[in-house]
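Coordinates as given in model33.tsv (TSV, C-alpha atoms):
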```tsv
chain	number	residue	atom	x	y	z
A	1	MET	CA	100.95	-7.22	62.81
A	2	GLU	CA	99.72	-8.11	66.28
A	3	SER	CA	96.17	-9.28	66.94
A	4	ALA	CA	93.99	-8.02	69.78
A	5	GLY	CA	94.98	-11.00	71.94
A	6	GLY	CA	98.65	-10.12	71.70
A	7	ARG	CA	99.59	-13.05	69.43
A	8	ARG	CA	101.08	-12.75	66.00
A	9	GLY	CA	99.73	-14.64	62.99
A	10	SER	CA	96.65	-16.78	62.93
A	11	GLU	CA	94.81	-17.91	66.02
A	12	GLN	CA	94.76	-21.53	64.84
A	13	SER	CA	97.64	-23.90	64.29
A	14	GLY	CA	98.01	-25.66	60.93
A	15	PRO	CA	95.53	-28.23	59.67
A	16	THR	CA	95.41	-31.56	61.47
A	17	SER	CA	96.43	-34.82	59.83
A	18	GLU	CA	92.76	-35.77	59.49
A	19	ASP	CA	91.99	-32.46	57.72
A	20	ARG	CA	94.89	-32.99	55.31
A	21	ASP	CA	93.78	-36.56	54.52
A	22	GLY	CA	90.20	-35.44	53.91
A	23	GLU	CA	91.36	-32.63	51.66
A	24	ARG	CA	93.60	-35.02	49.73
A	25	GLY	CA	90.63	-37.35	49.15
A	26	LEU	CA	88.50	-34.46	47.90
A	27	ARG	CA	91.25	-33.32	45.55
A	28	GLY	CA	91.37	-36.86	44.16
A	29	LEU	CA	87.67	-36.67	43.38
A	30	ILE	CA	87.56	-33.23	41.80
A	31	GLY	CA	91.09	-32.53	40.61
A	32	SER	CA	92.48	-33.17	37.19
A	33	GLY	CA	94.38	-36.33	36.48
A	34	ALA	CA	93.95	-39.78	37.94
A	35	SER	CA	91.69	-40.26	40.93
A	36	GLN	CA	93.20	-41.34	44.22
A	37	VAL	CA	89.93	-42.96	45.28
A	38	SER	CA	89.89	-46.74	44.98
A	39	VAL	CA	87.31	-48.47	42.83
A	40	GLY	CA	85.75	-50.08	45.89
A	41	ALA	CA	85.38	-46.72	47.65
A	42	ALA	CA	83.84	-45.19	44.53
A	43	LEU	CA	81.32	-48.04	44.29
A	44	ARG	CA	80.39	-47.70	47.97
A	45	ALA	CA	79.89	-43.94	47.53
A	46	ARG	CA	77.71	-44.56	44.48
A	47	ASP	CA	75.56	-47.08	46.36
A	48	ALA	CA	75.27	-44.80	49.40
A	49	THR	CA	73.89	-41.95	47.29
A	50	ARG	CA	71.22	-43.95	45.47
A	51	PRO	CA	67.72	-42.70	46.25
A	52	THR	CA	65.57	-44.79	48.56
A	53	GLU	CA	62.01	-45.84	47.75
A	54	ALA	CA	60.83	-43.02	50.04
A	55	ASP	CA	62.98	-40.51	48.09
A	56	LEU	CA	61.51	-41.70	44.79
A	57	ALA	CA	57.94	-41.54	46.14
A	58	GLU	CA	58.50	-37.99	47.43
A	59	ALA	CA	59.98	-36.90	44.10
A	60	GLU	CA	57.04	-38.40	42.22
A	61	GLU	CA	54.69	-36.45	44.46
A	62	ARG	CA	56.51	-33.09	44.46
A	63	LEU	CA	58.28	-32.88	41.11
A	64	VAL	CA	56.70	-30.74	38.41
A	65	ILE	CA	57.88	-31.47	34.87
A	66	ILE	CA	57.52	-28.62	32.40
A	67	ARG	CA	57.89	-29.44	28.73
A	68	ARG	CA	58.40	-26.28	26.72
A	69	ASN	CA	56.55	-26.08	23.37
A	70	TRP	CA	54.95	-29.48	23.91
A	71	VAL	CA	51.41	-30.21	22.76
A	72	PRO	CA	49.59	-33.41	23.71
A	73	ARG	CA	48.78	-35.70	20.76
A	74	GLU	CA	45.03	-35.32	21.42
A	75	ASP	CA	45.27	-31.56	20.75
A	76	LEU	CA	47.08	-31.87	17.41
A	77	PRO	CA	45.00	-31.10	14.30
A	78	ARG	CA	44.00	-34.26	12.47
A	79	SER	CA	44.26	-34.65	8.73
A	80	GLY	CA	41.02	-35.20	6.78
A	81	ARG	CA	42.06	-38.59	5.39
```
Using the file provided, produce a representation of the structure as structure tokens.
Amino acid sequence: MESAGGRRGSEQSGPTSEDRDGERGLRGLIGSGASQVSVGAALRARDATRPTEADLAEAEERLVIIRRNWVPREDLPRSGR
């Protein structure tokens, strides 16, 4: 089937070498079987995603923790002992 521009098939050529390498790395992270990511690269990625002090301060300020069916100790009935 011909497209409006007069060319057959897709408008783009195949993926570039860089795209294929990036996709291969992602498959190594999320696919089944052994990872293709080196230990050093995994450790760098872990360190790069650690929250900063500013991130922790913002979370402390904005985060609301809801404990379902929780009653503070002060509100529990006391025994008559």
TODO: Find the distance between atom CA of Glu53 of chain A and atom CA of Val37 of chain A and write it in Å to one decimal.
DONE: 28.2 Å
Task: Neighbours of point (88.4, -42.4, 47.1) within 12 Å, using only C-alpha atoms, written as a count of residues only - done: 23
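Here atom CA of Arg50 of chain A is placed at a distance of 18.3 Å from atom CA of Arg62 of chain A.
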- [ ] May I ask for the distance between atom CA of Glu61 of chain A and atom CA of Glu74 of chain A, given in Å to one decimal place?
- [x]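 These atoms are spaced 25.0 Å apart.
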Set up a box along x, y and z of the file covering all listed atoms of segment 18-21 of chain A, add 5 Å on every one of the six sides, and write the centre and edge lengths in Å to one decimal, as lines of an AutoDock Vina configuration file.
```
center_x = 93.4
center_y = -34.5
center_z = 57.0
size_x = 12.9
size_y = 14.1
size_z = 15.0
```
